[in-house]
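Down below is the structure, laid out as structure tokens.
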Protein chains: 2
Amino acid sequence: MTTTTQRSERRADALSKERIVAAAIQILDSGGEKALTFRALAARLATGAGAIYWHVADKNELLAAATDDIIARAMAEAADSEQPRETIRAAALTVFDVIDAHPWVGAQLAEEPWQPAVLRILEGFGGPLTALGVPEKAQFDCATALLNYVSGLAAQYAAAARLQGRETSRTALLANVAARWTALDPAEYPFVHRVAARLADHDDREQFLAGIDLILTGIEAVR
Amino acid sequence: MTTTTQRSERRADALSKERIVAAAIQILDSGGEKALTFRALAARLATGAGAIYWHVADKNELLAAATDDIIARAMAEAADSEQPRETIRAAALTVFDVIDAHPWVGAQLAEEPWQPAVLRILEGFGGPLTALGVPEKAQFDCATALLNYVSGLAAQYAAAARLQGRETSRTALLANVAARWTALDPAEYPFVHRVAARLADHDDREQFLAGIDLILTGIEAVR
DNA sequence: ACCTGAACACCGTTCAAGT
DNA sequence: ACCTGAACACCGTTCAAGT
């Protein structure tokens, strides 16, 4: 009893995994992946770098915890429809919006495919498949196809954020890439040269959803 | 004329971007991403770390060059069919086999979506779409859907290779993950819990192709 | 023009020492 | 039990100095 009392009487701003993760998210959101160092995190928490290791095993665990925090909150709020197809679309759009708002989450999802956050997403894709009429045997392939697609987009967004740094916007970056595509030899890269214009003025969210719909159409054909 | 003569008379093992990239690929293939440092590379080339910077701008350029070297060779050999669907499948399987053999290529493809190697892959997916009857407007979405799916798988393979290190095999790793999935609360993760068995004994290449086929079926429905 | 290798500016992580 | 902060073992990159 004495020890528990002693424990609860510690100063209010004592370190905890939750406080560390919250501070990490703030740093990641404002400065990107590059900004999160143990030194920066310790400075923000007004402590030493080593103190963090008492609550968190290493940087991997810290990033996984930060990612799960954001994904868990978002997936819990994802719209639930009576139509399984709509439920899957809503889950996908939820992940898209999270990645768009926190590109570092995208990097983490792609880099650590077996972390808890990914399981939540996989559950969001796989859960409605039975109601969609997909036979049991095909469900794993269908859910991972959606997951791979989303992971690929996540990686792409993370790369864009890394290139942007702080100065350019995503649209400016894509316009830049599109210009380089247009300058390619049309004989060697006919397709890329031809679709370069679309890269510059497409809507990211609509394009993302178009890909989800392609896969969903393929999935519905499996029934 | 004197200068050009002088240039060609340098010792046969003079540094060049090609030699540097070739050495980098050897290190990456035998030791993984982690093993490629400028110090290790310089040691293998029997030179100083700074010398490499005369031929290569930085580590990004080095990795992009190594990746393009491997992807260009592989894509050039990809089977070309009269049936556009088969051509796309062959391109996808070519990329799969490359990633399977060189997981670090997977990491690089996912991390740098605007590097030359990715353009070759995008060309392989987009080129046959016209013959497949996909309207011009939809081709960009279709090709990038395939690309995102492949990038997601690439990231997943790269992560597996990172976790494996050197001791465990990929199948052992997946069996391990599957065991953790089985141990999950079936109430919270019903789907993941249910498909855990499939993760352990599925065929990676077949599963990959199943996802490609889902997307292709969706694409054919766009016609 | 090309190469050398020490030095710089950073990392993540550890650990003896404190409270 | 929890925190401090210097120290360690690495990185990528730079640059004065050589040939």
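Going through the structure tokens in order, the chains are called A, B, and so on, while each chain numbers its residues from 1 and the ligands are numbered from 1 in the order shown.
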
Exercise. Neighbours of stretch 63-75 of chain A within 8 Å (only C-alpha atoms (C1' of nucleotides); same-chain residues fewer than 4 positions away dropped), as a PyMOL selection string?
Worked result: chain A and resi 21-22+24-25+59+91+94-95+98+105+108-109+115-117+120-121+124

Problem set entry | Members of stretch 22-200 of chain B assigned helix (DSSP H, G or I) by DSSP, as a PyMOL selection string | chain B and resi 22-31+33-35+38-44+49-52+59-77+84-101+103-111+116-129+136-164+170-182+190-200

Problem set entry | Residues near stretch 135-148 of chain A, cut-off 6 Å, only C-alpha atoms (C1' of nucleotides), skip fewer than 3 positions along chain, as a ChimeraX atom specification | /A:125-126,151 /B:149,152-153,211

Can those selected residues be exported to a file as a PDB file, in the first residue's frame so that it contains N, CA, C and O atoms?
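Generated output (result_24.pdb):
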ATOM      1  N   PHE A 125     -10.524  -4.520 -43.892  1.00  0.00           N
ATOM      2  CA  PHE A 125     -10.712  -4.987 -45.268  1.00  0.00           C
ATOM      3  C   PHE A 125     -11.300  -6.390 -45.295  1.00  0.00           C
ATOM      4  O   PHE A 125     -12.144  -6.706 -46.136  1.00  0.00           O
ATOM      5  N   GLY A 126     -10.834  -7.237 -44.392  1.00  0.00           N
ATOM      6  CA  GLY A 126     -11.222  -8.641 -44.433  1.00  0.00           C
ATOM      7  C   GLY A 126     -12.592  -8.911 -43.823  1.00  0.00           C
ATOM      8  O   GLY A 126     -13.319  -9.787 -44.298  1.00  0.00           O
ATOM      9  N   SER A 151      -0.683  -0.035 -48.929  1.00  0.00           N
ATOM     10  CA  SER A 151       0.703   0.134 -48.481  1.00  0.00           C
ATOM     11  C   SER A 151       1.549   0.822 -49.545  1.00  0.00           C
ATOM     12  O   SER A 151       2.400   1.657 -49.232  1.00  0.00           O
TER      13      SER A 151
ATOM     14  N   TYR B 149       0.076  -1.718 -55.931  1.00  0.00           N
ATOM     15  CA  TYR B 149      -0.003  -3.077 -55.399  1.00  0.00           C
ATOM     16  C   TYR B 149       1.386  -3.712 -55.341  1.00  0.00           C
ATOM     17  O   TYR B 149       1.779  -4.306 -54.319  1.00  0.00           O
ATOM     18  N   GLY B 152       3.521  -2.131 -52.629  1.00  0.00           N
ATOM     19  CA  GLY B 152       3.158  -2.607 -51.304  1.00  0.00           C
ATOM     20  C   GLY B 152       3.790  -3.953 -51.017  1.00  0.00           C
ATOM     21  O   GLY B 152       4.326  -4.185 -49.928  1.00  0.00           O
ATOM     22  N   LEU B 153       3.750  -4.836 -51.995  1.00  0.00           N
ATOM     23  CA  LEU B 153       4.391  -6.123 -51.808  1.00  0.00           C
ATOM     24  C   LEU B 153       5.898  -5.965 -51.654  1.00  0.00           C
ATOM     25  O   LEU B 153       6.530  -6.638 -50.830  1.00  0.00           O
ATOM     26  N   GLY B 211      -3.535 -11.449 -56.548  1.00  0.00           N
ATOM     27  CA  GLY B 211      -3.836 -10.025 -56.422  1.00  0.00           C
ATOM     28  C   GLY B 211      -3.773  -9.319 -57.763  1.00  0.00           C
ATOM     29  O   GLY B 211      -4.621  -8.480 -58.088  1.00  0.00           O
TER      30      GLY B 211
END

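The shortest atom-to-atom distance to chain A, with only C-alpha atoms (C1' of nucleotides) taken into account, belongs to D:DC2 out of D:DT14, D:DT19, D:DC2, D:DA9.
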
Problem set entry | chain D contacts to chain A at 7 Å (only C-alpha atoms (C1' of nucleotides)) as a PyMOL selection string | chain D and resi 3-5

Problem set entry | Atom-to-atom span, atom CA of A:Val56 and atom CA of A:Ala40, Å |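 Those two atoms sit 15.5 Å apart.
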
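Atom pair atom CA of A:Ala154 / atom C1' of C:DT13 has a distance of 28.9 Å (rounded to one decimal).
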
May I have the residues within 12 Å of A:Ser30 as an mmCIF file with N, CA, C and O atoms, in the first residue's frame, using only C-alpha atoms (C1' of nucleotides) and disregarding those fewer than 2 positions away in the same chain?
data_model
loop_
_atom_site.group_PDB
_atom_site.id
_atom_site.type_symbol
_atom_site.label_atom_id
_atom_site.label_comp_id
_atom_site.auth_asym_id
_atom_site.auth_seq_id
_atom_site.Cartn_x
_atom_site.Cartn_y
_atom_site.Cartn_z
ATOM 1 N N ALA A 23 4.117 13.130 -27.396
ATOM 2 C CA ALA A 23 5.141 14.099 -27.786
ATOM 3 C C ALA A 23 5.761 13.719 -29.126
ATOM 4 O O ALA A 23 6.034 14.581 -29.976
ATOM 5 N N ALA A 24 5.960 12.415 -29.330
ATOM 6 C CA ALA A 24 6.532 11.948 -30.595
ATOM 7 C C ALA A 24 5.617 12.302 -31.759
ATOM 8 O O ALA A 24 6.068 12.750 -32.818
ATOM 9 N N ILE A 25 4.309 12.123 -31.557
ATOM 10 C CA ILE A 25 3.353 12.439 -32.621
ATOM 11 C C ILE A 25 3.409 13.929 -32.957
ATOM 12 O O ILE A 25 3.367 14.318 -34.133
ATOM 13 N N GLN A 26 3.511 14.757 -31.933
ATOM 14 C CA GLN A 26 3.611 16.199 -32.189
ATOM 15 C C GLN A 26 4.832 16.524 -33.040
ATOM 16 O O GLN A 26 4.756 17.298 -33.997
ATOM 17 N N ILE A 27 5.960 15.918 -32.685
ATOM 18 C CA ILE A 27 7.188 16.187 -33.444
ATOM 19 C C ILE A 27 7.049 15.681 -34.875
ATOM 20 O O ILE A 27 7.402 16.373 -35.839
ATOM 21 N N LEU A 28 6.511 14.475 -35.025
ATOM 22 C CA LEU A 28 6.362 13.890 -36.359
ATOM 23 C C LEU A 28 5.417 14.717 -37.221
ATOM 24 O O LEU A 28 5.666 14.938 -38.411
ATOM 25 N N GLY A 32 8.026 16.075 -39.476
ATOM 26 C CA GLY A 32 8.262 14.907 -40.317
ATOM 27 C C GLY A 32 9.142 13.867 -39.642
ATOM 28 O O GLY A 32 9.643 14.077 -38.539
ATOM 29 N N GLU A 33 9.308 12.739 -40.341
ATOM 30 C CA GLU A 33 10.074 11.620 -39.792
ATOM 31 C C GLU A 33 11.458 12.052 -39.334
ATOM 32 O O GLU A 33 11.953 11.622 -38.294
ATOM 33 N N LYS A 34 12.078 12.873 -40.144
ATOM 34 C CA LYS A 34 13.462 13.271 -39.888
ATOM 35 C C LYS A 34 13.616 13.988 -38.554
ATOM 36 O O LYS A 34 14.678 13.928 -37.921
ATOM 37 N N ALA A 35 12.571 14.671 -38.142
ATOM 38 C CA ALA A 35 12.663 15.509 -36.939
ATOM 39 C C ALA A 35 12.624 14.680 -35.657
ATOM 40 O O ALA A 35 13.041 15.164 -34.598
ATOM 41 N N LEU A 36 12.107 13.448 -35.749
ATOM 42 C CA LEU A 36 11.998 12.651 -34.523
ATOM 43 C C LEU A 36 13.321 11.984 -34.181
ATOM 44 O O LEU A 36 13.685 10.953 -34.752
ATOM 45 N N ALA A 101 -2.940 13.187 -43.979
ATOM 46 C CA ALA A 101 -2.733 14.134 -42.881
ATOM 47 C C ALA A 101 -1.415 13.878 -42.152
ATOM 48 O O ALA A 101 -0.783 14.802 -41.637
ATOM 49 N N HIS A 102 -0.990 12.620 -42.094
ATOM 50 C CA HIS A 102 0.254 12.261 -41.397
ATOM 51 C C HIS A 102 1.106 11.367 -42.287
ATOM 52 O O HIS A 102 1.102 10.138 -42.102
ATOM 53 N N PRO A 103 1.844 11.925 -43.211
ATOM 54 C CA PRO A 103 2.614 11.088 -44.148
ATOM 55 C C PRO A 103 3.577 10.131 -43.444
ATOM 56 O O PRO A 103 3.871 9.063 -43.982
ATOM 57 N N TRP A 104 4.047 10.474 -42.274
ATOM 58 C CA TRP A 104 4.963 9.570 -41.559
ATOM 59 C C TRP A 104 4.256 8.282 -41.175
ATOM 60 O O TRP A 104 4.898 7.236 -41.054
ATOM 61 N N ALA A 161 6.417 13.332 -49.066
ATOM 62 C CA ALA A 161 6.622 14.207 -47.905
ATOM 63 C C ALA A 161 8.106 14.399 -47.635
ATOM 64 O O ALA A 161 8.554 15.486 -47.264
ATOM 65 N N GLY A 165 10.041 18.219 -48.028
ATOM 66 C CA GLY A 165 10.659 18.935 -46.926
ATOM 67 C C GLY A 165 9.624 19.893 -46.380
ATOM 68 O O GLY A 165 8.616 19.470 -45.852
ATOM 69 N N ARG A 166 9.837 21.126 -46.592
ATOM 70 C CA ARG A 166 8.881 22.087 -46.045
ATOM 71 C C ARG A 166 8.452 23.108 -47.099
ATOM 72 O O ARG A 166 7.379 23.690 -47.040
#

For this session: Provide the atom CA of A:Asp185 to atom CA of A:Ala197 distance in Å, to one decimal place.
Result: 15.0 Å

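Distances to chain A were evaluated for B:Ala79, B:Leu122, B:Ile20, B:Val134 using only C-alpha atoms, and the minimum falls at B:Leu122.
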